[in-house]
$ cat my_file.cif   # mmCIF, C-alpha atoms
data_work
#
loop_
_atom_site.label_atom_id
_atom_site.label_comp_id
_atom_site.auth_asym_id
_atom_site.auth_seq_id
_atom_site.Cartn_x
_atom_site.Cartn_y
_atom_site.Cartn_z
CA MET A 1 137.29 130.09 121.64
CA PRO A 2 139.84 132.84 122.28
CA ASN A 3 139.29 135.35 125.06
CA VAL A 4 138.19 138.56 123.31
CA GLU A 5 137.72 141.92 125.01
CA ILE A 6 134.69 143.76 123.70
CA SER A 7 133.01 147.12 124.02
CA ARG A 8 129.24 147.20 124.55
CA VAL A 9 127.36 150.30 123.44
CA THR A 10 123.60 150.87 123.59
CA VAL A 11 122.27 152.96 120.71
CA ARG A 12 118.78 154.39 120.31
CA THR A 13 119.08 156.42 117.10
CA PRO A 14 120.62 155.94 113.64
CA ASP A 15 123.11 158.74 114.42
CA GLY A 16 124.15 156.96 117.62
CA LEU A 17 124.56 153.79 115.60
CA ARG A 18 126.89 155.51 113.13
CA VAL A 19 128.99 156.91 116.00
CA ALA A 20 129.25 153.43 117.58
CA LEU A 21 130.44 151.99 114.25
CA ALA A 22 132.88 154.81 113.44
CA GLY A 23 136.27 153.57 112.33
CA LEU A 24 135.18 149.99 111.65
CA PRO A 25 135.79 148.45 108.22
CA ALA A 26 132.76 148.70 105.93
CA ASN A 27 132.99 145.02 104.96
CA MET A 28 133.09 143.75 108.58
CA ARG A 29 130.35 141.18 109.21
CA VAL A 30 127.35 141.89 111.45
CA VAL A 31 125.90 138.99 113.47
CA PRO A 32 122.62 139.22 115.42
CA ILE A 33 122.60 137.58 118.87
CA THR A 34 119.05 136.28 118.49
CA GLU A 35 116.54 135.87 115.69
CA ASP A 36 114.29 138.65 117.04
CA VAL A 37 116.63 141.38 115.77
CA ASP A 38 114.71 142.93 112.86
CA VAL A 39 117.62 144.96 111.46
CA ALA A 40 118.57 143.49 108.08
CA ALA A 41 122.29 144.14 107.71
CA ALA A 42 125.06 141.71 106.85
CA THR A 43 127.93 144.23 106.98
CA VAL A 44 128.88 147.36 108.88
CA ALA A 45 128.28 149.43 105.71
CA GLU A 46 124.68 148.15 105.53
CA LEU A 47 124.18 148.74 109.27
CA ARG A 48 125.42 152.35 108.93
CA SER A 49 122.77 153.02 106.28
CA VAL A 50 119.80 151.91 108.42
CA PRO A 51 117.41 154.91 108.41
CA ILE A 52 115.33 153.98 111.49
CA LEU A 53 115.94 151.79 114.52
CA PRO A 54 112.76 149.98 115.59
CA TYR A 55 114.15 149.66 119.15
CA ALA A 56 117.35 150.28 121.08
CA LEU A 57 120.25 148.03 120.11
CA ASP A 58 123.24 146.73 122.02
CA ILE A 59 126.33 146.80 119.81
CA PHE A 60 129.29 144.59 120.77
CA VAL A 61 132.60 145.49 119.10
CA PRO A 62 135.98 143.83 119.78
CA TYR A 63 138.77 146.14 120.97
CA ARG A 64 141.35 144.50 118.72
CA LEU A 65 140.27 143.78 115.17
CA VAL A 66 141.54 140.72 113.33
CA GLY A 67 140.42 139.23 110.02
CA SER A 68 137.65 137.19 111.64
CA SER A 69 136.27 139.99 113.84
CA VAL A 70 132.51 140.60 113.76
CA VAL A 71 130.09 143.15 115.19
CA VAL A 72 127.37 141.50 117.27
CA ILE A 73 124.00 143.23 117.65
CA GLY A 74 121.01 142.50 119.85
CA ARG A 75 117.89 144.09 121.29
CA HIS A 76 118.65 146.20 124.33
CA GLU A 77 117.10 144.67 127.43
CA PRO A 78 117.00 147.33 130.18
CA ARG A 79 118.32 146.23 133.55
CA PRO A 80 115.95 146.63 136.53
CA ASN A 81 117.71 149.78 137.75
CA GLU A 82 117.99 151.32 134.25
CA GLY A 83 114.41 152.48 133.87
#
$ encode --input "my_file.cif" --output "structure tokens"
Amino acid sequence: MPNVEISRVTVRTPDGLRVALAGLPANMRVVPITEDVDVAAATVAELRSVPILPYALDIFVPYRLVGSSVVVIGRHEPRPNEG
């Protein structure tokens, strides 16, 4: 597996989600980290149109996009000092 630099953003609102996804191709695939992610979206375009987030999400986006790049999403797990 190639070494890929990523950006991790925690979003809590649909508007924050759209900001985190700004500039990404609409047809870019979305992959959940675990099965407990209840956001049904297969592409960035579908993820942008989500009206409500049931919980905070961590969004992982690669810095350099190539044809096989994906957006990875997961439930945000607060760290002990995060509150």
$ resolve_selection --input "my_file.cif" --expression "the PyMOL selection byres ((chain A and resi 49) around 12)" --output "list in words"
Thr13, Pro14, Asp15, Leu17, Arg18, Leu21, Ala26, Val39, Ala40, Ala41, Ala42, Thr43, Val44, Ala45, Glu46, Leu47, Arg48, Val50, Pro51, Ile52 and Leu53 of chain A
$ write_last_selection --input "my_file.cif" --atoms "C-alpha atoms" --output "PDB file, keeping the file's coordinate frame"
ATOM      1  CA  THR A  13     119.080 156.420 117.100  1.00  0.00           C
ATOM      2  CA  PRO A  14     120.620 155.940 113.640  1.00  0.00           C
ATOM      3  CA  ASP A  15     123.110 158.740 114.420  1.00  0.00           C
ATOM      4  CA  LEU A  17     124.560 153.790 115.600  1.00  0.00           C
ATOM      5  CA  ARG A  18     126.890 155.510 113.130  1.00  0.00           C
ATOM      6  CA  LEU A  21     130.440 151.990 114.250  1.00  0.00           C
ATOM      7  CA  ALA A  26     132.760 148.700 105.930  1.00  0.00           C
ATOM      8  CA  VAL A  39     117.620 144.960 111.460  1.00  0.00           C
ATOM      9  CA  ALA A  40     118.570 143.490 108.080  1.00  0.00           C
ATOM     10  CA  ALA A  41     122.290 144.140 107.710  1.00  0.00           C
ATOM     11  CA  ALA A  42     125.060 141.710 106.850  1.00  0.00           C
ATOM     12  CA  THR A  43     127.930 144.230 106.980  1.00  0.00           C
ATOM     13  CA  VAL A  44     128.880 147.360 108.880  1.00  0.00           C
ATOM     14  CA  ALA A  45     128.280 149.430 105.710  1.00  0.00           C
ATOM     15  CA  GLU A  46     124.680 148.150 105.530  1.00  0.00           C
ATOM     16  CA  LEU A  47     124.180 148.740 109.270  1.00  0.00           C
ATOM     17  CA  ARG A  48     125.420 152.350 108.930  1.00  0.00           C
ATOM     18  CA  VAL A  50     119.800 151.910 108.420  1.00  0.00           C
ATOM     19  CA  PRO A  51     117.410 154.910 108.410  1.00  0.00           C
ATOM     20  CA  ILE A  52     115.330 153.980 111.490  1.00  0.00           C
ATOM     21  CA  LEU A  53     115.940 151.790 114.520  1.00  0.00           C
TER      22      LEU A  53
END
$ residues_around --input "my_file.cif" --residues "stretch 62-71 of chain A" --least-positions-apart "3" --cutoff "8 Å" --atoms "only C-alpha atoms" --output "number ranges by chain"
A: 4-7, 28-31, 44, 59
$ atom_distance --input "my_file.cif" --atom1 "atom CA of A:Glu77" --atom2 "atom CA of A:Val19"
20.5 Å
$ closest_residue --input "my_file.cif" --among "A:Pro32, A:Arg75, A:Arg8, A:Gly16" --to "A:Tyr55" --atoms "all atoms listed in the file"
A:Arg75
$ closest_residue --input "my_file.cif" --among "A:Ala56, A:Val61, A:Pro80, A:Arg12" --to "A:Val37" --atoms "only C-alpha atoms"
A:Ala56
$ atom_distance --input "my_file.cif" --atom1 "atom CA of A:Arg79" --atom2 "atom CA of A:Pro54"
19.2 Å
$ atom_distance --input "my_file.cif" --atom1 "atom CA of A:His76" --atom2 "atom CA of A:Asn27"
24.1 Å
$ decode --input "my_file.cif" --residues "stretch 9-31 of chain A" --atoms "C-alpha atoms" --output "PDB file, in the first residue's frame"
ATOM      1  CA  VAL A   9     -11.424  16.894   9.729  1.00  0.00           C
ATOM      2  CA  THR A  10     -14.140  16.449  12.353  1.00  0.00           C
ATOM      3  CA  VAL A  11     -17.531  17.763  11.249  1.00  0.00           C
ATOM      4  CA  ARG A  12     -20.653  18.155  13.365  1.00  0.00           C
ATOM      5  CA  THR A  13     -23.094  19.813  10.946  1.00  0.00           C
ATOM      6  CA  PRO A  14     -24.122  19.373   7.296  1.00  0.00           C
ATOM      7  CA  ASP A  15     -22.619  22.805   6.523  1.00  0.00           C
ATOM      8  CA  GLY A  16     -19.312  21.746   8.078  1.00  0.00           C
ATOM      9  CA  LEU A  17     -19.457  18.587   5.995  1.00  0.00           C
ATOM     10  CA  ARG A  18     -19.896  20.577   2.778  1.00  0.00           C
ATOM     11  CA  VAL A  19     -16.928  22.799   3.691  1.00  0.00           C
ATOM     12  CA  ALA A  20     -14.756  19.725   4.385  1.00  0.00           C
ATOM     13  CA  LEU A  21     -15.686  18.289   0.972  1.00  0.00           C
ATOM     14  CA  ALA A  22     -15.257  21.539  -0.973  1.00  0.00           C
ATOM     15  CA  GLY A  23     -13.244  21.138  -4.135  1.00  0.00           C
ATOM     16  CA  LEU A  24     -13.471  17.340  -4.266  1.00  0.00           C
ATOM     17  CA  PRO A  25     -14.841  15.639  -7.389  1.00  0.00           C
ATOM     18  CA  ALA A  26     -18.547  14.809  -7.099  1.00  0.00           C
ATOM     19  CA  ASN A  27     -18.001  11.240  -8.318  1.00  0.00           C
ATOM     20  CA  MET A  28     -15.232  10.465  -5.788  1.00  0.00           C
ATOM     21  CA  ARG A  29     -16.049   7.341  -3.766  1.00  0.00           C
ATOM     22  CA  VAL A  30     -16.911   7.476  -0.053  1.00  0.00           C
ATOM     23  CA  VAL A  31     -15.833   4.543   2.141  1.00  0.00           C
TER      24      VAL A  31
END
